Each structure stands twice: as C-alpha cells, then as structure tokens.
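Here the structure comes first, spelled out in structure tokens, and everything after it is commentary.
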Amino acid sequence: MLINKNKTKGNRYCIAIFPEKEMSEEEYDDQSNKILDAVEDNVVVVTEIEPQKEMIEELQNKFPEAKIEVPSYAVYKFDSEKLDEETKKMEKRHKWKKFFNNIHPDEYLVIEHKVMYDIEQSVFYTKDINKVISYIHENNKTG
C-alpha cells in the first residue's frame with residue numbers, strides 16, 4: 001500500500017488494483033507508479049486487493065453495467081473527515097490502550113482500509129489503467 005500524504009485541492013481518491021493473481025513487487029510498483037506519476041496530487045493510496053466474493057457482489061451492484069472481473073481497477077473517493085471520525089471511535093473503544101499509547105498499528109490499518117474502500121465511496125470501475133487516470137483528470141479540472 002502506497003500512501004500519499006500530500007494535501008491538495010479538489011477530489012482525492014483511493015485506487016484499488018484487483019489482480020488476477022498476487023502481483024510481484026515490480027508489477028505493483030509499475031502500476032502504482034503509472035497512476036501516481038499521472039495524478040499524484042489527487043491519489044491518497046494505491047492498494048492491491050484480492051477481491052472476495054462479497055466485494056465482487058458489492059461492486060456488481062454499484063456498477064451494474066460492468067462485468068466485474070480481474071484484473072481491474074476501482075476508484076474510491078477519499079473522505080478524510082470520515083477517516084478521522086472512525087479513528088476517534090476506535091480509539092474511544094480502546095481508551096485504556098490509547099491512554100497507554102498501546103493501540104496496535106494494525107487497528108489503525110483496519111479502520112483505514114474500511115473507510116478508504118467503503119463501497120459507498122466507489123465512483124468508478126474499469127479494466128483499463130488509463131481510464132483510471134482519465135477519470136481522475138476529468139473529475140479534478142479547476143475553473
């Protein structure tokens with residue numbers, strides 16, 4: 001998972017890469033770098049995700065005109081306020097761990113993944129990496 005902490009104006013996105021099989025580090029770097037080089041300021045994170053049956057069904061319901069298959073890509077709108085809200089809820093549930101600075105980093109990763117790849121935030125699905133880049137460019141024009 002590559003996280004881009006740059007602050008930017010306009011929409012920010014999380015990109016899911018759904019590979020056919022587990023990607024090599026080189027394949028992942030090639031694809032994530034292609035996306036980030038083109039639209040870095042608008043992408044928060046690029047993650048390789050092996051889509052489970054439930055996720056495929058959710059995507060199919062969200063994008064009924066598409067045939068959900070691998071390899072493919074999905075674009076999710078990033079909501080930093082929702083991430084902060086869910087992180088605070090988790091910290092409140094574990095207030096003693098938080099007090100002793102003892103919340104495991106995995107707890108934060110679970111919340112991040114849940115918020116960043118919430119099906120309600122999905123805005124685009126395609127099998128073409130170039131269409132991911134075009135979609136982000138088209139939805140971040142200023143003026």
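How things are named: the first chain in the structure tokens is A, the next is B, and so on; residues count from 1 in each chain; ligands count from 1 in the order shown.
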To test your reading of the structure, identify every residue in segment 17-99 of chain A that backbone DSSP assigns to strand (DSSP E or B), and report it as a ChimeraX atom specification. /A:17-18,43-48,72-77
Write a file of the selected residues as an mmCIF file, in the first residue's frame, keeping all heavy atoms.
data_model
loop_
_atom_site.group_PDB
_atom_site.id
_atom_site.type_symbol
_atom_site.label_atom_id
_atom_site.label_comp_id
_atom_site.auth_asym_id
_atom_site.auth_seq_id
_atom_site.Cartn_x
_atom_site.Cartn_y
_atom_site.Cartn_z
ATOM 1 N N ILE A 17 -6.335 -1.943 -6.964
ATOM 2 C CA ILE A 17 -5.928 -2.780 -8.087
ATOM 3 C C ILE A 17 -6.389 -4.194 -7.747
ATOM 4 O O ILE A 17 -6.012 -4.737 -6.711
ATOM 5 C CB ILE A 17 -4.397 -2.783 -8.272
ATOM 6 C CG1 ILE A 17 -3.870 -1.370 -8.537
ATOM 7 C CG2 ILE A 17 -4.003 -3.738 -9.407
ATOM 8 C CD1 ILE A 17 -2.343 -1.282 -8.570
ATOM 9 N N PHE A 18 -7.232 -4.757 -8.596
ATOM 10 C CA PHE A 18 -7.705 -6.131 -8.410
ATOM 11 C C PHE A 18 -6.938 -7.027 -9.377
ATOM 12 O O PHE A 18 -7.287 -7.088 -10.558
ATOM 13 C CB PHE A 18 -9.208 -6.234 -8.673
ATOM 14 C CG PHE A 18 -10.046 -5.311 -7.837
ATOM 15 C CD1 PHE A 18 -10.913 -4.416 -8.436
ATOM 16 C CD2 PHE A 18 -9.977 -5.344 -6.456
ATOM 17 C CE1 PHE A 18 -11.703 -3.569 -7.676
ATOM 18 C CE2 PHE A 18 -10.760 -4.497 -5.675
ATOM 19 C CZ PHE A 18 -11.627 -3.608 -6.288
ATOM 20 N N VAL A 43 -4.336 11.378 -5.602
ATOM 21 C CA VAL A 43 -4.437 9.991 -5.140
ATOM 22 C C VAL A 43 -3.774 9.865 -3.774
ATOM 23 O O VAL A 43 -2.614 10.225 -3.597
ATOM 24 C CB VAL A 43 -3.788 9.018 -6.155
ATOM 25 C CG1 VAL A 43 -3.772 7.600 -5.606
ATOM 26 C CG2 VAL A 43 -4.553 9.055 -7.470
ATOM 27 N N VAL A 44 -4.539 9.356 -2.831
ATOM 28 C CA VAL A 44 -4.050 9.184 -1.462
ATOM 29 C C VAL A 44 -3.305 7.861 -1.337
ATOM 30 O O VAL A 44 -2.252 7.783 -0.715
ATOM 31 C CB VAL A 44 -5.231 9.223 -0.461
ATOM 32 C CG1 VAL A 44 -4.760 8.961 0.957
ATOM 33 C CG2 VAL A 44 -5.963 10.540 -0.558
ATOM 34 N N VAL A 45 -3.872 6.824 -1.932
ATOM 35 C CA VAL A 45 -3.287 5.492 -1.768
ATOM 36 C C VAL A 45 -3.654 4.600 -2.959
ATOM 37 O O VAL A 45 -4.716 4.752 -3.547
ATOM 38 C CB VAL A 45 -3.756 4.859 -0.434
ATOM 39 C CG1 VAL A 45 -5.242 4.642 -0.411
ATOM 40 C CG2 VAL A 45 -3.033 3.575 -0.112
ATOM 41 N N VAL A 46 -2.731 3.705 -3.289
ATOM 42 C CA VAL A 46 -2.969 2.675 -4.303
ATOM 43 C C VAL A 46 -2.736 1.344 -3.588
ATOM 44 O O VAL A 46 -1.672 1.131 -3.017
ATOM 45 C CB VAL A 46 -2.001 2.807 -5.499
ATOM 46 C CG1 VAL A 46 -2.235 1.682 -6.497
ATOM 47 C CG2 VAL A 46 -2.138 4.164 -6.170
ATOM 48 N N THR A 47 -3.742 0.479 -3.607
ATOM 49 C CA THR A 47 -3.655 -0.783 -2.884
ATOM 50 C C THR A 47 -4.011 -1.956 -3.782
ATOM 51 O O THR A 47 -4.976 -1.887 -4.534
ATOM 52 C CB THR A 47 -4.642 -0.782 -1.686
ATOM 53 O OG1 THR A 47 -4.422 0.376 -0.895
ATOM 54 C CG2 THR A 47 -4.475 -2.009 -0.819
ATOM 55 N N GLU A 48 -3.230 -3.010 -3.665
ATOM 56 C CA GLU A 48 -3.553 -4.267 -4.345
ATOM 57 C C GLU A 48 -4.527 -5.012 -3.440
ATOM 58 O O GLU A 48 -4.253 -5.216 -2.261
ATOM 59 C CB GLU A 48 -2.285 -5.098 -4.541
ATOM 60 C CG GLU A 48 -2.546 -6.461 -5.108
ATOM 61 C CD GLU A 48 -1.281 -7.320 -5.151
ATOM 62 O OE1 GLU A 48 -0.188 -6.837 -4.821
ATOM 63 O OE2 GLU A 48 -1.425 -8.497 -5.508
ATOM 64 N N SER A 72 -8.537 -5.703 -12.806
ATOM 65 C CA SER A 72 -9.330 -4.492 -12.971
ATOM 66 C C SER A 72 -8.959 -3.486 -11.886
ATOM 67 O O SER A 72 -8.094 -3.745 -11.053
ATOM 68 C CB SER A 72 -10.826 -4.819 -12.930
ATOM 69 O OG SER A 72 -11.164 -5.432 -11.707
ATOM 70 N N TYR A 73 -9.662 -2.353 -11.917
ATOM 71 C CA TYR A 73 -9.362 -1.244 -11.021
ATOM 72 C C TYR A 73 -10.665 -0.606 -10.552
ATOM 73 O O TYR A 73 -11.637 -0.558 -11.304
ATOM 74 C CB TYR A 73 -8.546 -0.157 -11.745
ATOM 75 C CG TYR A 73 -7.320 -0.712 -12.420
ATOM 76 C CD1 TYR A 73 -7.387 -1.243 -13.709
ATOM 77 C CD2 TYR A 73 -6.098 -0.736 -11.761
ATOM 78 C CE1 TYR A 73 -6.273 -1.778 -14.321
ATOM 79 C CE2 TYR A 73 -4.971 -1.275 -12.369
ATOM 80 C CZ TYR A 73 -5.070 -1.794 -13.645
ATOM 81 O OH TYR A 73 -3.967 -2.336 -14.245
ATOM 82 N N ALA A 74 -10.632 -0.083 -9.334
ATOM 83 C CA ALA A 74 -11.767 0.708 -8.849
ATOM 84 C C ALA A 74 -11.215 1.976 -8.220
ATOM 85 O O ALA A 74 -10.135 1.974 -7.623
ATOM 86 C CB ALA A 74 -12.586 -0.079 -7.835
ATOM 87 N N VAL A 75 -11.979 3.041 -8.374
ATOM 88 C CA VAL A 75 -11.616 4.340 -7.818
ATOM 89 C C VAL A 75 -12.623 4.653 -6.719
ATOM 90 O O VAL A 75 -13.836 4.552 -6.925
ATOM 91 C CB VAL A 75 -11.650 5.439 -8.907
ATOM 92 C CG1 VAL A 75 -11.336 6.808 -8.317
ATOM 93 C CG2 VAL A 75 -10.705 5.096 -10.048
ATOM 94 N N TYR A 76 -12.101 5.010 -5.547
ATOM 95 C CA TYR A 76 -12.928 5.337 -4.389
ATOM 96 C C TYR A 76 -12.618 6.762 -3.968
ATOM 97 O O TYR A 76 -11.451 7.156 -3.879
ATOM 98 C CB TYR A 76 -12.608 4.413 -3.210
ATOM 99 C CG TYR A 76 -12.927 2.964 -3.462
ATOM 100 C CD1 TYR A 76 -12.102 2.154 -4.235
ATOM 101 C CD2 TYR A 76 -14.065 2.389 -2.907
ATOM 102 C CE1 TYR A 76 -12.399 0.817 -4.462
ATOM 103 C CE2 TYR A 76 -14.367 1.050 -3.124
ATOM 104 C CZ TYR A 76 -13.527 0.273 -3.899
ATOM 105 O OH TYR A 76 -13.824 -1.047 -4.116
ATOM 106 N N LYS A 77 -13.653 7.536 -3.698
ATOM 107 C CA LYS A 77 -13.459 8.897 -3.219
ATOM 108 C C LYS A 77 -12.960 8.836 -1.778
ATOM 109 O O LYS A 77 -13.502 8.103 -0.959
ATOM 110 C CB LYS A 77 -14.764 9.680 -3.307
ATOM 111 C CG LYS A 77 -14.571 11.146 -3.165
ATOM 112 C CD LYS A 77 -15.755 11.907 -3.692
ATOM 113 C CE LYS A 77 -15.388 13.378 -3.684
ATOM 114 N NZ LYS A 77 -16.473 14.185 -4.105
#
Considering only C-alpha atoms, return as a CSV table (one decimal) with C-alpha atoms, in the first residue's frame whatever protein or nucleic-acid residues lie within 12 Å of segment 121-137 of chain A, sequence-local ones (same chain, fewer than 4 positions apart) excluded.
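Result written to selection30.csv:
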chain,number,residue,atom,x,y,z
A,10,GLY,CA,-10.0,19.0,-5.3
A,11,ASN,CA,-11.1,15.4,-5.0
A,12,ARG,CA,-8.8,12.8,-3.6
A,13,TYR,CA,-9.0,9.2,-4.4
A,14,CYS,CA,-8.0,5.7,-3.3
A,15,ILE,CA,-7.3,3.2,-6.1
A,16,ALA,CA,-7.8,-0.5,-5.8
A,17,ILE,CA,-5.9,-2.8,-8.1
A,18,PHE,CA,-7.7,-6.1,-8.4
A,19,PRO,CA,-5.1,-8.5,-9.8
A,20,GLU,CA,-5.6,-11.9,-11.5
A,30,ASP,CA,4.9,-0.3,-12.2
A,31,GLN,CA,1.1,0.0,-11.9
A,32,SER,CA,1.0,2.2,-8.9
A,33,ASN,CA,3.8,4.5,-10.2
A,34,LYS,CA,1.9,4.8,-13.5
A,35,ILE,CA,-1.1,6.1,-11.7
A,36,LEU,CA,0.8,8.3,-9.2
A,37,ASP,CA,3.1,9.8,-11.8
A,38,ALA,CA,0.0,11.0,-13.7
A,39,VAL,CA,-2.3,12.1,-10.9
A,40,GLU,CA,-0.2,12.1,-7.7
A,41,ASP,CA,-1.8,15.1,-6.1
A,42,ASN,CA,-5.2,13.5,-6.3
A,43,VAL,CA,-4.4,10.0,-5.1
A,46,VAL,CA,-3.0,2.7,-4.3
A,55,MET,CA,-16.7,-7.3,-2.6
A,56,ILE,CA,-17.3,-8.5,-6.2
A,58,GLU,CA,-21.0,-5.1,-4.0
A,59,LEU,CA,-19.1,-3.8,-7.0
A,60,GLN,CA,-21.5,-5.5,-9.3
A,61,ASN,CA,-24.5,-3.9,-7.5
A,62,LYS,CA,-22.8,-0.5,-7.6
A,63,PHE,CA,-21.8,-0.8,-11.3
A,64,PRO,CA,-24.5,-3.0,-12.9
A,65,GLU,CA,-23.4,-2.1,-16.4
A,66,ALA,CA,-19.9,-3.5,-15.8
A,67,LYS,CA,-18.8,-7.2,-15.7
A,68,ILE,CA,-16.7,-7.4,-12.5
A,69,GLU,CA,-13.6,-9.5,-13.2
A,70,VAL,CA,-9.9,-9.4,-12.7
A,71,PRO,CA,-7.6,-7.8,-13.5
A,72,SER,CA,-9.3,-4.5,-13.0
A,73,TYR,CA,-9.4,-1.2,-11.0
A,74,ALA,CA,-11.8,0.7,-8.8
A,75,VAL,CA,-11.6,4.3,-7.8
A,76,TYR,CA,-12.9,5.3,-4.4
A,77,LYS,CA,-13.5,8.9,-3.2
A,78,PHE,CA,-11.3,9.6,-0.1
A,79,ASP,CA,-13.1,11.1,2.8
A,80,SER,CA,-10.6,12.4,5.4
A,82,LYS,CA,-14.8,10.0,7.8
A,114,LYS,CA,-12.6,0.0,5.9
A,115,VAL,CA,-13.0,3.8,5.3
A,116,MET,CA,-10.9,4.1,2.1
A,117,TYR,CA,-12.5,1.1,0.4
A,141,LYS,CA,-10.5,20.1,-13.6
A,142,THR,CA,-10.4,23.5,-12.0
Which of chain A counts as helix (DSSP H, G or I) under DSSP, as an NGL selection string please? :A and (25-42 or 53-62 or 80-93 or 95-99 or 105-116 or 119-121 or 129-138)
Quick one: of A:Ile49, A:Phe100, A:Glu54, A:Lys92, who's nearest to His113 of chain A, counting only C-alpha atoms?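 Residue with the minimum atom-to-atom distance to His113 of chain A: A:Ile49.
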I want to know what sits within 12 Å of Lys98 of chain A, based on only C-alpha atoms, with residues of the same chain fewer than 4 positions away left out; could you give that as a PyMOL selection string? chain A and resi 87-94+102-105+107-108
Atoms to include: N, CA and C atoms. Write the selected residues as a JSON list (two decimals), in the first residue's frame.
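Output saved as part30.json:
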[["chain", "number", "residue", "atom", "x", "y", "z"],
["A", 87, "THR", "N", -11.51, 6.72, 13.20],
["A", 87, "THR", "CA", -10.31, 6.52, 14.02],
["A", 87, "THR", "C", -10.61, 6.93, 15.47],
["A", 88, "LYS", "N", -11.28, 8.05, 15.65],
["A", 88, "LYS", "CA", -11.64, 8.50, 17.00],
["A", 88, "LYS", "C", -12.57, 7.52, 17.69],
["A", 89, "LYS", "N", -13.52, 6.96, 16.93],
["A", 89, "LYS", "CA", -14.43, 5.95, 17.51],
["A", 89, "LYS", "C", -13.65, 4.74, 17.99],
["A", 90, "MET", "N", -12.72, 4.28, 17.17],
["A", 90, "MET", "CA", -11.91, 3.12, 17.54],
["A", 90, "MET", "C", -11.06, 3.43, 18.77],
["A", 91, "GLU", "N", -10.48, 4.60, 18.82],
["A", 91, "GLU", "CA", -9.66, 4.99, 19.98],
["A", 91, "GLU", "C", -10.51, 5.11, 21.24],
["A", 92, "LYS", "N", -11.74, 5.56, 21.08],
["A", 92, "LYS", "CA", -12.64, 5.65, 22.23],
["A", 92, "LYS", "C", -13.00, 4.26, 22.76],
["A", 93, "ARG", "N", -13.22, 3.29, 21.83],
["A", 93, "ARG", "CA", -13.50, 1.91, 22.25],
["A", 93, "ARG", "C", -12.32, 1.30, 23.00],
["A", 94, "HIS", "N", -11.12, 1.75, 22.66],
["A", 94, "HIS", "CA", -9.90, 1.23, 23.29],
["A", 94, "HIS", "C", -9.23, 2.33, 24.11],
["A", 102, "ASN", "N", -0.98, 2.22, 23.47],
["A", 102, "ASN", "CA", -0.78, 0.79, 23.25],
["A", 102, "ASN", "C", -1.75, 0.21, 22.21],
["A", 103, "ILE", "N", -2.31, 1.06, 21.35],
["A", 103, "ILE", "CA", -3.17, 0.54, 20.29],
["A", 103, "ILE", "C", -2.25, 0.03, 19.19],
["A", 104, "HIS", "N", -2.45, -1.22, 18.81],
["A", 104, "HIS", "CA", -1.61, -1.83, 17.78],
["A", 104, "HIS", "C", -1.82, -1.13, 16.44],
["A", 105, "PRO", "N", -0.74, -0.90, 15.69],
["A", 105, "PRO", "CA", -0.89, -0.23, 14.38],
["A", 105, "PRO", "C", -1.87, -0.93, 13.44],
["A", 107, "GLU", "N", -4.72, -2.04, 14.15],
["A", 107, "GLU", "CA", -6.06, -1.50, 14.43],
["A", 107, "GLU", "C", -6.33, -0.27, 13.56],
["A", 108, "TYR", "N", -5.31, 0.56, 13.40],
["A", 108, "TYR", "CA", -5.45, 1.75, 12.56],
["A", 108, "TYR", "C", -5.56, 1.36, 11.09]]
